[in-house]
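Raw contents of final-v3.pdb, PDB, C-alpha atoms:
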```
ATOM      1  CA  MET A 247      -4.297 -18.602  -9.382  1.00  0.00           C
ATOM      2  CA  THR A 248      -3.709 -20.763  -6.345  1.00  0.00           C
ATOM      3  CA  ASP A 249      -5.738 -20.782  -3.165  1.00  0.00           C
ATOM      4  CA  LYS A 250      -2.770 -19.923  -0.940  1.00  0.00           C
ATOM      5  CA  LYS A 251      -3.697 -17.954   2.156  1.00  0.00           C
ATOM      6  CA  VAL A 252      -3.294 -14.187   2.181  1.00  0.00           C
ATOM      7  CA  LYS A 253      -0.326 -13.394   4.438  1.00  0.00           C
ATOM      8  CA  SER A 254       0.376 -10.076   6.097  1.00  0.00           C
ATOM      9  CA  VAL A 255       3.162  -8.184   4.428  1.00  0.00           C
ATOM     10  CA  PHE A 256       3.360  -5.452   7.055  1.00  0.00           C
ATOM     11  CA  LYS A 257       5.962  -5.006   9.744  1.00  0.00           C
ATOM     12  CA  GLN A 258       5.856  -2.339  12.429  1.00  0.00           C
ATOM     13  CA  GLY A 259       8.667   0.193  11.953  1.00  0.00           C
ATOM     14  CA  ALA A 260      11.787   0.003   9.781  1.00  0.00           C
ATOM     15  CA  ILE A 261      13.012  -3.231   8.197  1.00  0.00           C
ATOM     16  CA  SER A 262      16.404  -3.991   9.734  1.00  0.00           C
ATOM     17  CA  SER A 263      19.524  -5.069   7.865  1.00  0.00           C
ATOM     18  CA  GLU A 264      19.670  -8.086  10.252  1.00  0.00           C
ATOM     19  CA  PHE A 265      16.222  -9.202   9.089  1.00  0.00           C
ATOM     20  CA  ILE A 266      17.273  -8.814   5.443  1.00  0.00           C
ATOM     21  CA  GLY A 267      20.515 -10.729   6.090  1.00  0.00           C
ATOM     22  CA  GLU A 268      18.660 -13.570   7.806  1.00  0.00           C
ATOM     23  CA  SER A 269      16.194 -13.776   4.901  1.00  0.00           C
ATOM     24  CA  ILE A 270      19.103 -14.258   2.505  1.00  0.00           C
ATOM     25  CA  ALA A 271      20.715 -16.881   4.754  1.00  0.00           C
ATOM     26  CA  LYS A 272      17.476 -18.909   4.874  1.00  0.00           C
ATOM     27  CA  HIS A 273      17.759 -19.509   1.130  1.00  0.00           C
ATOM     28  CA  GLN A 274      21.101 -21.330   1.295  1.00  0.00           C
ATOM     29  CA  THR A 275      19.249 -24.645   1.624  1.00  0.00           C
ATOM     30  CA  LYS A 276      17.292 -23.983  -1.597  1.00  0.00           C
ATOM     31  CA  THR A 277      19.995 -25.068  -4.012  1.00  0.00           C
ATOM     32  CA  SER A 278      17.890 -24.996  -7.196  1.00  0.00           C
ATOM     33  CA  ILE A 279      18.179 -21.191  -6.956  1.00  0.00           C
ATOM     34  CA  GLY A 280      20.895 -19.619  -9.080  1.00  0.00           C
ATOM     35  CA  ALA A 281      19.953 -15.936  -8.778  1.00  0.00           C
ATOM     36  CA  HIS A 282      18.417 -13.647  -6.162  1.00  0.00           C
ATOM     37  CA  ASN A 283      17.404 -10.047  -6.700  1.00  0.00           C
ATOM     38  CA  ILE A 284      16.509  -7.620  -3.937  1.00  0.00           C
ATOM     39  CA  PHE A 285      14.818  -4.215  -3.899  1.00  0.00           C
ATOM     40  CA  LEU A 286      15.134  -2.054  -0.802  1.00  0.00           C
ATOM     41  CA  GLY A 287      13.035   1.086  -0.577  1.00  0.00           C
ATOM     42  CA  GLN A 288      14.723   3.666   1.654  1.00  0.00           C
ATOM     43  CA  VAL A 289      13.170   6.808   3.133  1.00  0.00           C
ATOM     44  CA  ARG A 290      14.706   9.845   1.456  1.00  0.00           C
ATOM     45  CA  ALA A 291      15.439  13.072   3.337  1.00  0.00           C
ATOM     46  CA  ASP A 292      13.819  15.222   0.631  1.00  0.00           C
ATOM     47  CA  VAL A 293      14.131  18.981   1.031  1.00  0.00           C
ATOM     48  CA  ILE A 294      10.803  20.678   0.243  1.00  0.00           C
ATOM     49  CA  ASP A 295      10.515  24.471   0.504  1.00  0.00           C
ATOM     50  CA  GLY A 296      13.628  24.543   2.672  1.00  0.00           C
ATOM     51  CA  LYS A 297      12.383  21.881   5.102  1.00  0.00           C
ATOM     52  CA  THR A 298      13.936  18.417   5.353  1.00  0.00           C
ATOM     53  CA  VAL A 299      11.925  15.194   5.663  1.00  0.00           C
ATOM     54  CA  SER A 300      13.066  13.392   8.822  1.00  0.00           C
ATOM     55  CA  ALA A 301      10.713  10.381   8.679  1.00  0.00           C
ATOM     56  CA  ILE A 302       7.659   8.908   6.965  1.00  0.00           C
ATOM     57  CA  GLU A 303       4.758   7.558   8.980  1.00  0.00           C
ATOM     58  CA  TYR A 304       3.076   4.787   6.986  1.00  0.00           C
ATOM     59  CA  THR A 305      -0.539   3.736   7.299  1.00  0.00           C
ATOM     60  CA  ALA A 306      -2.522   1.373   5.091  1.00  0.00           C
ATOM     61  CA  TYR A 307      -5.949   0.022   4.314  1.00  0.00           C
ATOM     62  CA  GLU A 308      -4.517  -3.223   5.597  1.00  0.00           C
ATOM     63  CA  ASP A 309      -7.103  -5.762   4.458  1.00  0.00           C
ATOM     64  CA  MET A 310      -7.197  -4.406   0.914  1.00  0.00           C
ATOM     65  CA  ALA A 311      -3.412  -3.912   0.845  1.00  0.00           C
ATOM     66  CA  ASN A 312      -2.721  -7.507   1.883  1.00  0.00           C
ATOM     67  CA  GLN A 313      -5.171  -8.696  -0.759  1.00  0.00           C
ATOM     68  CA  LYS A 314      -3.401  -6.574  -3.409  1.00  0.00           C
ATOM     69  CA  PHE A 315       0.026  -7.848  -2.317  1.00  0.00           C
ATOM     70  CA  HIS A 316      -1.371 -11.367  -2.629  1.00  0.00           C
ATOM     71  CA  GLU A 317      -2.683 -10.685  -6.169  1.00  0.00           C
ATOM     72  CA  ILE A 318       0.651  -9.158  -7.217  1.00  0.00           C
ATOM     73  CA  ARG A 319       2.459 -12.173  -5.798  1.00  0.00           C
ATOM     74  CA  GLU A 320       0.216 -14.657  -7.598  1.00  0.00           C
ATOM     75  CA  ALA A 321       0.467 -12.723 -10.881  1.00  0.00           C
ATOM     76  CA  ALA A 322       4.264 -12.631 -10.622  1.00  0.00           C
ATOM     77  CA  PHE A 323       4.445 -16.388 -10.044  1.00  0.00           C
ATOM     78  CA  GLU A 324       2.288 -16.912 -13.151  1.00  0.00           C
ATOM     79  CA  LYS A 325       4.338 -14.529 -15.280  1.00  0.00           C
ATOM     80  CA  PHE A 326       7.860 -15.486 -14.228  1.00  0.00           C
ATOM     81  CA  ASN A 327       9.672 -18.711 -13.373  1.00  0.00           C
ATOM     82  CA  LEU A 328      10.311 -17.833  -9.737  1.00  0.00           C
ATOM     83  CA  THR A 329      11.380 -20.233  -7.014  1.00  0.00           C
ATOM     84  CA  CYS A 330      10.286 -17.876  -4.261  1.00  0.00           C
ATOM     85  CA  MET A 331       9.276 -14.336  -3.468  1.00  0.00           C
ATOM     86  CA  HIS A 332       9.046 -12.312  -0.266  1.00  0.00           C
ATOM     87  CA  ILE A 333       7.565  -8.861   0.255  1.00  0.00           C
ATOM     88  CA  TYR A 334       7.696  -6.799   3.471  1.00  0.00           C
ATOM     89  CA  HIS A 335       6.437  -3.247   3.932  1.00  0.00           C
ATOM     90  CA  SER A 336       6.706  -1.019   6.987  1.00  0.00           C
ATOM     91  CA  LEU A 337       3.868   0.541   8.927  1.00  0.00           C
ATOM     92  CA  GLY A 338       4.347   3.361  11.430  1.00  0.00           C
ATOM     93  CA  MET A 339       7.425   5.559  11.673  1.00  0.00           C
ATOM     94  CA  VAL A 340      10.441   4.966   9.450  1.00  0.00           C
ATOM     95  CA  LYS A 341      13.258   7.500   9.726  1.00  0.00           C
ATOM     96  CA  ALA A 342      15.165   8.928   6.766  1.00  0.00           C
ATOM     97  CA  GLY A 343      17.841   6.432   5.750  1.00  0.00           C
ATOM     98  CA  GLU A 344      15.895   3.427   7.037  1.00  0.00           C
ATOM     99  CA  ILE A 345      14.311   0.704   4.901  1.00  0.00           C
ATOM    100  CA  CYS A 346      10.525   0.687   4.382  1.00  0.00           C
ATOM    101  CA  LEU A 347      10.119  -1.884   1.569  1.00  0.00           C
ATOM    102  CA  PHE A 348      11.941  -5.182   1.044  1.00  0.00           C
ATOM    103  CA  VAL A 349      11.177  -7.266  -2.048  1.00  0.00           C
ATOM    104  CA  PHE A 350      13.184 -10.453  -2.553  1.00  0.00           C
ATOM    105  CA  VAL A 351      12.838 -12.742  -5.600  1.00  0.00           C
ATOM    106  CA  SER A 352      14.724 -15.921  -6.445  1.00  0.00           C
ATOM    107  CA  SER A 353      14.929 -18.079  -9.552  1.00  0.00           C
ATOM    108  CA  PRO A 354      17.208 -20.670 -11.148  1.00  0.00           C
ATOM    109  CA  ARG A 355      18.321 -18.027 -13.719  1.00  0.00           C
ATOM    110  CA  ARG A 356      19.300 -14.344 -13.511  1.00  0.00           C
ATOM    111  CA  LYS A 357      17.263 -12.748 -16.343  1.00  0.00           C
ATOM    112  CA  VAL A 358      14.007 -13.716 -14.707  1.00  0.00           C
ATOM    113  CA  VAL A 359      14.772 -12.021 -11.406  1.00  0.00           C
ATOM    114  CA  PHE A 360      15.693  -8.692 -13.041  1.00  0.00           C
ATOM    115  CA  GLU A 361      12.352  -8.537 -14.855  1.00  0.00           C
ATOM    116  CA  ALA A 362      10.266  -9.928 -12.022  1.00  0.00           C
ATOM    117  CA  LEU A 363      11.589  -7.516  -9.416  1.00  0.00           C
ATOM    118  CA  GLU A 364      10.828  -4.430 -11.505  1.00  0.00           C
ATOM    119  CA  TYR A 365       7.352  -5.730 -12.275  1.00  0.00           C
ATOM    120  CA  ILE A 366       6.575  -6.391  -8.603  1.00  0.00           C
ATOM    121  CA  VAL A 367       7.891  -3.061  -7.296  1.00  0.00           C
ATOM    122  CA  GLU A 368       5.996  -1.053  -9.941  1.00  0.00           C
ATOM    123  CA  GLU A 369       2.780  -2.959  -9.196  1.00  0.00           C
ATOM    124  CA  ILE A 370       3.177  -2.260  -5.463  1.00  0.00           C
ATOM    125  CA  LYS A 371       3.715   1.461  -6.063  1.00  0.00           C
ATOM    126  CA  ALA A 372       0.665   1.714  -8.327  1.00  0.00           C
ATOM    127  CA  HIS A 373      -1.925  -0.549  -6.721  1.00  0.00           C
ATOM    128  CA  VAL A 374      -1.399  -1.042  -2.986  1.00  0.00           C
ATOM    129  CA  PRO A 375      -3.295   1.341  -0.670  1.00  0.00           C
ATOM    130  CA  VAL A 376      -0.426   2.491   1.541  1.00  0.00           C
ATOM    131  CA  PHE A 377      -0.248   6.126   2.644  1.00  0.00           C
ATOM    132  CA  GLY A 378       2.804   8.090   3.735  1.00  0.00           C
ATOM    133  CA  LYS A 379       2.953  11.139   5.973  1.00  0.00           C
ATOM    134  CA  GLU A 380       6.261  12.912   5.359  1.00  0.00           C
ATOM    135  CA  ILE A 381       7.293  14.458   8.649  1.00  0.00           C
ATOM    136  CA  PHE A 382       9.678  17.411   8.584  1.00  0.00           C
ATOM    137  CA  GLU A 383      12.298  18.265  11.180  1.00  0.00           C
ATOM    138  CA  ASP A 384      10.033  21.030  12.582  1.00  0.00           C
ATOM    139  CA  ASP A 385       7.181  18.470  13.116  1.00  0.00           C
ATOM    140  CA  THR A 386       5.019  19.838  10.289  1.00  0.00           C
ATOM    141  CA  HIS A 387       4.063  17.337   7.591  1.00  0.00           C
ATOM    142  CA  GLN A 388       2.818  16.753   4.063  1.00  0.00           C
ATOM    143  CA  TRP A 389       1.359  13.680   2.357  1.00  0.00           C
ATOM    144  CA  LYS A 390       3.593  11.700   0.016  1.00  0.00           C
ATOM    145  CA  VAL A 391       2.316  10.798  -3.474  1.00  0.00           C
ATOM    146  CA  ASN A 392       3.944   8.135  -5.672  1.00  0.00           C
ATOM    147  CA  ASN A 393       4.937   9.292  -9.151  1.00  0.00           C
TER     148      ASN A 393
ATOM    149  CA  MET B  16     -28.647   0.292   4.657  1.00  0.00           C
ATOM    150  CA  LYS B  17     -25.793   0.899   7.055  1.00  0.00           C
ATOM    151  CA  ILE B  18     -22.428   1.548   5.441  1.00  0.00           C
ATOM    152  CA  THR B  19     -19.131   1.474   7.298  1.00  0.00           C
ATOM    153  CA  VAL B  20     -17.002   4.267   5.843  1.00  0.00           C
ATOM    154  CA  LYS B  21     -13.225   4.286   6.260  1.00  0.00           C
ATOM    155  CA  TYR B  22     -10.956   7.276   5.762  1.00  0.00           C
ATOM    156  CA  PHE B  23      -7.186   7.210   5.311  1.00  0.00           C
ATOM    157  CA  GLY B  24      -4.234   9.581   5.200  1.00  0.00           C
ATOM    158  CA  MET B  25      -5.052  13.148   4.201  1.00  0.00           C
ATOM    159  CA  ILE B  26      -8.738  12.233   3.898  1.00  0.00           C
ATOM    160  CA  ALA B  27      -8.873  11.142   7.559  1.00  0.00           C
ATOM    161  CA  GLU B  28      -7.209  14.428   8.400  1.00  0.00           C
ATOM    162  CA  THR B  29     -10.057  16.259   6.643  1.00  0.00           C
ATOM    163  CA  THR B  30     -12.865  14.226   8.202  1.00  0.00           C
ATOM    164  CA  GLN B  31     -11.090  14.062  11.575  1.00  0.00           C
ATOM    165  CA  CYS B  32     -12.149  10.477  11.987  1.00  0.00           C
ATOM    166  CA  GLU B  33     -10.977   7.170  10.548  1.00  0.00           C
ATOM    167  CA  GLU B  34     -14.243   5.277  10.512  1.00  0.00           C
ATOM    168  CA  GLU B  35     -17.952   5.895  10.903  1.00  0.00           C
ATOM    169  CA  ILE B  36     -21.292   4.313  10.056  1.00  0.00           C
ATOM    170  CA  ILE B  37     -23.628   6.144   7.698  1.00  0.00           C
ATOM    171  CA  ASP B  38     -27.225   5.202   6.980  1.00  0.00           C
ATOM    172  CA  PHE B  39     -27.744   5.302   3.204  1.00  0.00           C
ATOM    173  CA  SER B  40     -30.817   4.871   1.028  1.00  0.00           C
ATOM    174  CA  GLY B  41     -29.566   5.899  -2.467  1.00  0.00           C
ATOM    175  CA  ASN B  42     -28.320   3.810  -5.368  1.00  0.00           C
ATOM    176  CA  PHE B  43     -24.880   4.754  -6.588  1.00  0.00           C
ATOM    177  CA  ILE B  44     -21.446   5.623  -5.252  1.00  0.00           C
ATOM    178  CA  SER B  45     -22.020   9.137  -6.622  1.00  0.00           C
ATOM    179  CA  ASP B  46     -25.120   9.464  -4.375  1.00  0.00           C
ATOM    180  CA  PHE B  47     -23.110   8.278  -1.416  1.00  0.00           C
ATOM    181  CA  LEU B  48     -20.347  10.810  -2.108  1.00  0.00           C
ATOM    182  CA  LYS B  49     -22.938  13.610  -2.169  1.00  0.00           C
ATOM    183  CA  ILE B  50     -23.728  12.809   1.452  1.00  0.00           C
ATOM    184  CA  LEU B  51     -20.048  12.855   2.364  1.00  0.00           C
ATOM    185  CA  HIS B  52     -19.476  16.118   0.465  1.00  0.00           C
ATOM    186  CA  SER B  53     -22.267  17.832   2.354  1.00  0.00           C
ATOM    187  CA  LYS B  54     -20.949  16.498   5.648  1.00  0.00           C
ATOM    188  CA  TYR B  55     -17.320  17.374   4.824  1.00  0.00           C
ATOM    189  CA  PRO B  56     -17.285  20.227   2.243  1.00  0.00           C
ATOM    190  CA  GLU B  57     -13.464  20.214   2.136  1.00  0.00           C
ATOM    191  CA  LEU B  58     -13.509  16.753   0.539  1.00  0.00           C
ATOM    192  CA  LYS B  59     -14.407  18.440  -2.769  1.00  0.00           C
ATOM    193  CA  ASN B  60     -10.840  19.778  -2.965  1.00  0.00           C
ATOM    194  CA  LYS B  61      -9.201  16.408  -2.298  1.00  0.00           C
ATOM    195  CA  GLY B  62      -8.224  13.723  -4.764  1.00  0.00           C
ATOM    196  CA  PHE B  63      -9.222  10.189  -3.787  1.00  0.00           C
ATOM    197  CA  GLN B  64     -10.345   6.855  -5.151  1.00  0.00           C
ATOM    198  CA  VAL B  65     -13.264   4.905  -3.733  1.00  0.00           C
ATOM    199  CA  ALA B  66     -13.162   1.228  -2.781  1.00  0.00           C
ATOM    200  CA  GLN B  67     -16.282  -0.800  -1.986  1.00  0.00           C
ATOM    201  CA  ASN B  68     -15.580  -3.963  -0.036  1.00  0.00           C
ATOM    202  CA  GLN B  69     -11.899  -3.602  -0.949  1.00  0.00           C
ATOM    203  CA  GLU B  70     -12.374  -3.226  -4.715  1.00  0.00           C
ATOM    204  CA  LEU B  71     -11.913   0.101  -6.512  1.00  0.00           C
ATOM    205  CA  VAL B  72     -15.216   1.353  -7.937  1.00  0.00           C
ATOM    206  CA  SER B  73     -16.429   4.215 -10.131  1.00  0.00           C
ATOM    207  CA  LEU B  74     -19.083   6.852  -9.463  1.00  0.00           C
ATOM    208  CA  GLU B  75     -21.634   4.817 -11.475  1.00  0.00           C
ATOM    209  CA  THR B  76     -21.148   1.652  -9.432  1.00  0.00           C
ATOM    210  CA  GLY B  77     -24.162   0.563  -7.373  1.00  0.00           C
ATOM    211  CA  VAL B  78     -23.814   0.652  -3.603  1.00  0.00           C
ATOM    212  CA  THR B  79     -24.120  -2.910  -2.335  1.00  0.00           C
ATOM    213  CA  GLY B  80     -23.572  -2.315   1.361  1.00  0.00           C
ATOM    214  CA  GLY B  81     -20.725  -3.303   3.615  1.00  0.00           C
ATOM    215  CA  GLU B  82     -17.630  -1.151   3.590  1.00  0.00           C
ATOM    216  CA  ILE B  83     -16.727   1.919   1.552  1.00  0.00           C
ATOM    217  CA  ALA B  84     -13.242   3.426   1.819  1.00  0.00           C
ATOM    218  CA  LEU B  85     -11.921   6.775   0.587  1.00  0.00           C
ATOM    219  CA  LEU B  86      -8.331   6.290  -0.540  1.00  0.00           C
ATOM    220  CA  PRO B  87      -5.999   9.251  -1.112  1.00  0.00           C
ATOM    221  CA  PRO B  88      -3.013   8.859  -3.501  1.00  0.00           C
ATOM    222  CA  PHE B  89      -0.889   5.781  -2.778  1.00  0.00           C
ATOM    223  CA  ALA B  90       2.595   6.224  -1.375  1.00  0.00           C
ATOM    224  CA  GLY B  91       3.882   2.718  -0.746  1.00  0.00           C
ATOM    225  CA  GLY B  92       7.508   1.733  -1.143  1.00  0.00           C
TER     226      GLY B  92
END
```

How does this structure look as structure tokens?
Amino acid sequence: MTDKKVKSVFKQGAISSEFIGESIAKHQTKTSIGAHNIFLGQVRADVIDGKTVSAIEYTAYEDMANQKFHEIREAAFEKFNLTCMHIYHSLGMVKAGEICLFVFVSSPRRKVVFEALEYIVEEIKAHVPVFGKEIFEDDTHQWKVNN
Amino acid sequence: MKITVKYFGMIAETTQCEEEIIDFSGNFISDFLKILHSKYPELKNKGFQVAQNQELVSLETGVTGGEIALLPPFAGG
């Protein structure tokens, strides 16, 4: 484990395609990289008992969540030969069809990034205290639970 | 000792507050939850994990002071 500082992973609202595009562009100077892999979590308009989800409002236990993201990041760097890794998660309202999670891994070789990305996303889903209020079109809500 | 308690998601909806300070003189997390259950009877029907100072703990863990958080099921990503 390194003693790198714990950074905040959270962004208010949806993660824009411009932001994702710029993140990719920033890596063009890192020419030891031969493979990137990206996961984008998108809010689904689930239909539950005849009502459609129009948005998810995310909240988090932010201090603990940032610590968990940090641990996942450090564990992934130990496990896989990654050149770099970026994780962003939304807080607040994200409408159906918008992006709420952006995970971006890069390595000299492709096999590593396929494995690393799955590992990181599954760890996030299981261990990071983020909570989602699924808001229906009629303004009622229910609480989302990860499977 | 004074414990800062934090509630999130559906748990905060049940308690109708996100944070409060509770004076506690027992030993274990299970003792602490008894206080919360008597204050908020509906909590008995809710699933949650408990974190003490940002680490998940079990019912048998000793209360050390600081911050205790009630965490409903995670829904990140």

- Determine the residue membership of the ChimeraX specification (/B :<10) & /A for the file above and supply it as a PyMOL selection string. chain A and resi 285-289+303-311+313-314+334-337+345-349+367-368+370-379+388-393

- Message: Need the shell around range 271-280 of chain A: protein/DNA/RNA residues with any atom at most 10 Å away, counting only C-alpha atoms. Skip same-chain ones fewer than 3 positions apart. Format as a PyMOL selection string?
- Response: chain A and resi 265-268+328-330+352-356

Once you have the residues from the selection above, write them out as a PDB file, keeping the file's coordinate frame, restricted to C-alpha atoms.
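Writing the result to out-v2.pdb gives the following:
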```pdb
ATOM      1  CA  PHE A 265      16.222  -9.202   9.089  1.00  0.00           C
ATOM      2  CA  ILE A 266      17.273  -8.814   5.443  1.00  0.00           C
ATOM      3  CA  GLY A 267      20.515 -10.729   6.090  1.00  0.00           C
ATOM      4  CA  GLU A 268      18.660 -13.570   7.806  1.00  0.00           C
ATOM      5  CA  LEU A 328      10.311 -17.833  -9.737  1.00  0.00           C
ATOM      6  CA  THR A 329      11.380 -20.233  -7.014  1.00  0.00           C
ATOM      7  CA  CYS A 330      10.286 -17.876  -4.261  1.00  0.00           C
ATOM      8  CA  SER A 352      14.724 -15.921  -6.445  1.00  0.00           C
ATOM      9  CA  SER A 353      14.929 -18.079  -9.552  1.00  0.00           C
ATOM     10  CA  PRO A 354      17.208 -20.670 -11.148  1.00  0.00           C
ATOM     11  CA  ARG A 355      18.321 -18.027 -13.719  1.00  0.00           C
ATOM     12  CA  ARG A 356      19.300 -14.344 -13.511  1.00  0.00           C
TER      13      ARG A 356
END
```

- Message: Given the point (-22.0, 10.9, -2.6) in the coordinates of this file, which residues lie within 12 Å, counting all atoms listed in the file, and how would they look as an MDAnalysis selection string?
- Response: chainID B and resid 20 37 39:56 58:59 65 73:78 83 85

Export of prior selection with C-alpha atoms as a PDB file, keeping the file's coordinate frame:
```pdb
ATOM      1  CA  VAL B  20     -17.002   4.267   5.843  1.00  0.00           C
ATOM      2  CA  ILE B  37     -23.628   6.144   7.698  1.00  0.00           C
ATOM      3  CA  PHE B  39     -27.744   5.302   3.204  1.00  0.00           C
ATOM      4  CA  SER B  40     -30.817   4.871   1.028  1.00  0.00           C
ATOM      5  CA  GLY B  41     -29.566   5.899  -2.467  1.00  0.00           C
ATOM      6  CA  ASN B  42     -28.320   3.810  -5.368  1.00  0.00           C
ATOM      7  CA  PHE B  43     -24.880   4.754  -6.588  1.00  0.00           C
ATOM      8  CA  ILE B  44     -21.446   5.623  -5.252  1.00  0.00           C
ATOM      9  CA  SER B  45     -22.020   9.137  -6.622  1.00  0.00           C
ATOM     10  CA  ASP B  46     -25.120   9.464  -4.375  1.00  0.00           C
ATOM     11  CA  PHE B  47     -23.110   8.278  -1.416  1.00  0.00           C
ATOM     12  CA  LEU B  48     -20.347  10.810  -2.108  1.00  0.00           C
ATOM     13  CA  LYS B  49     -22.938  13.610  -2.169  1.00  0.00           C
ATOM     14  CA  ILE B  50     -23.728  12.809   1.452  1.00  0.00           C
ATOM     15  CA  LEU B  51     -20.048  12.855   2.364  1.00  0.00           C
ATOM     16  CA  HIS B  52     -19.476  16.118   0.465  1.00  0.00           C
ATOM     17  CA  SER B  53     -22.267  17.832   2.354  1.00  0.00           C
ATOM     18  CA  LYS B  54     -20.949  16.498   5.648  1.00  0.00           C
ATOM     19  CA  TYR B  55     -17.320  17.374   4.824  1.00  0.00           C
ATOM     20  CA  PRO B  56     -17.285  20.227   2.243  1.00  0.00           C
ATOM     21  CA  LEU B  58     -13.509  16.753   0.539  1.00  0.00           C
ATOM     22  CA  LYS B  59     -14.407  18.440  -2.769  1.00  0.00           C
ATOM     23  CA  VAL B  65     -13.264   4.905  -3.733  1.00  0.00           C
ATOM     24  CA  SER B  73     -16.429   4.215 -10.131  1.00  0.00           C
ATOM     25  CA  LEU B  74     -19.083   6.852  -9.463  1.00  0.00           C
ATOM     26  CA  GLU B  75     -21.634   4.817 -11.475  1.00  0.00           C
ATOM     27  CA  THR B  76     -21.148   1.652  -9.432  1.00  0.00           C
ATOM     28  CA  GLY B  77     -24.162   0.563  -7.373  1.00  0.00           C
ATOM     29  CA  VAL B  78     -23.814   0.652  -3.603  1.00  0.00           C
ATOM     30  CA  ILE B  83     -16.727   1.919   1.552  1.00  0.00           C
ATOM     31  CA  LEU B  85     -11.921   6.775   0.587  1.00  0.00           C
TER      32      LEU B  85
END
```

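Taking CA of Phe382 in chain A as the reference point, CA of Thr298 in chain A is found at 5.4 Å.
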
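Listed by chain and then by number, the residues chosen by the PyMOL selection byres ((chain A and resi 283) around 6) in this file are His282, Ile284, Phe350, Val351 and Val359 of chain A.
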
- When you draw a straight line from CA of Lys251 in chain A to CA of Ala322 in chain A, how long is it in Å? 16.0 Å

- Message: Can you tell me which residues surround Asp292 in chain A at a distance of at most 10 Å, considering all atoms listed in the file, apart from same-chain residues fewer than 3 positions away, and format the answer as a list in words?
- Response: Val289, Asp295, Gly296, Lys297, Thr298, Val299, Ser300, Ala301, Ala342, Glu380 and Phe382 of chain A

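Picture a line from CA of Ile381 in chain A to CA of Leu363 in chain A; it runs 28.8 Å.
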
- Task: Would you kindly translate the PyMOL selection byres ((chain B and resi 35) around 6) into the concrete residues it picks from this file, as a PyMOL selection string?
- Result: chain B and resi 19-20+34+36

Write a file of the just-selected residues containing C-alpha atoms, as a PDB file, keeping the file's coordinate frame.
```pdb
ATOM      1  CA  THR B  19     -19.131   1.474   7.298  1.00  0.00           C
ATOM      2  CA  VAL B  20     -17.002   4.267   5.843  1.00  0.00           C
ATOM      3  CA  GLU B  34     -14.243   5.277  10.512  1.00  0.00           C
ATOM      4  CA  ILE B  36     -21.292   4.313  10.056  1.00  0.00           C
TER       5      ILE B  36
END
```

Taking all atoms of range 30-35 of chain B that appear in the file, build a box with edges along x, y and z, extend it by 3 Å on every side, and state its centre and edge lengths in Å to one decimal, as JSON.
```
{"center_x": -14.5, "center_y": 9.8, "center_z": 10.1, "size_x": 13.0, "size_y": 14.9, "size_z": 9.8}
```

- Find the spatial neighbours of Val252 in chain A, counting only C-alpha atoms, within a cut-off of 9 Å - ignore same-chain residues fewer than 4 positions away - and output them as number ranges by chain. A: 312-313, 315-316
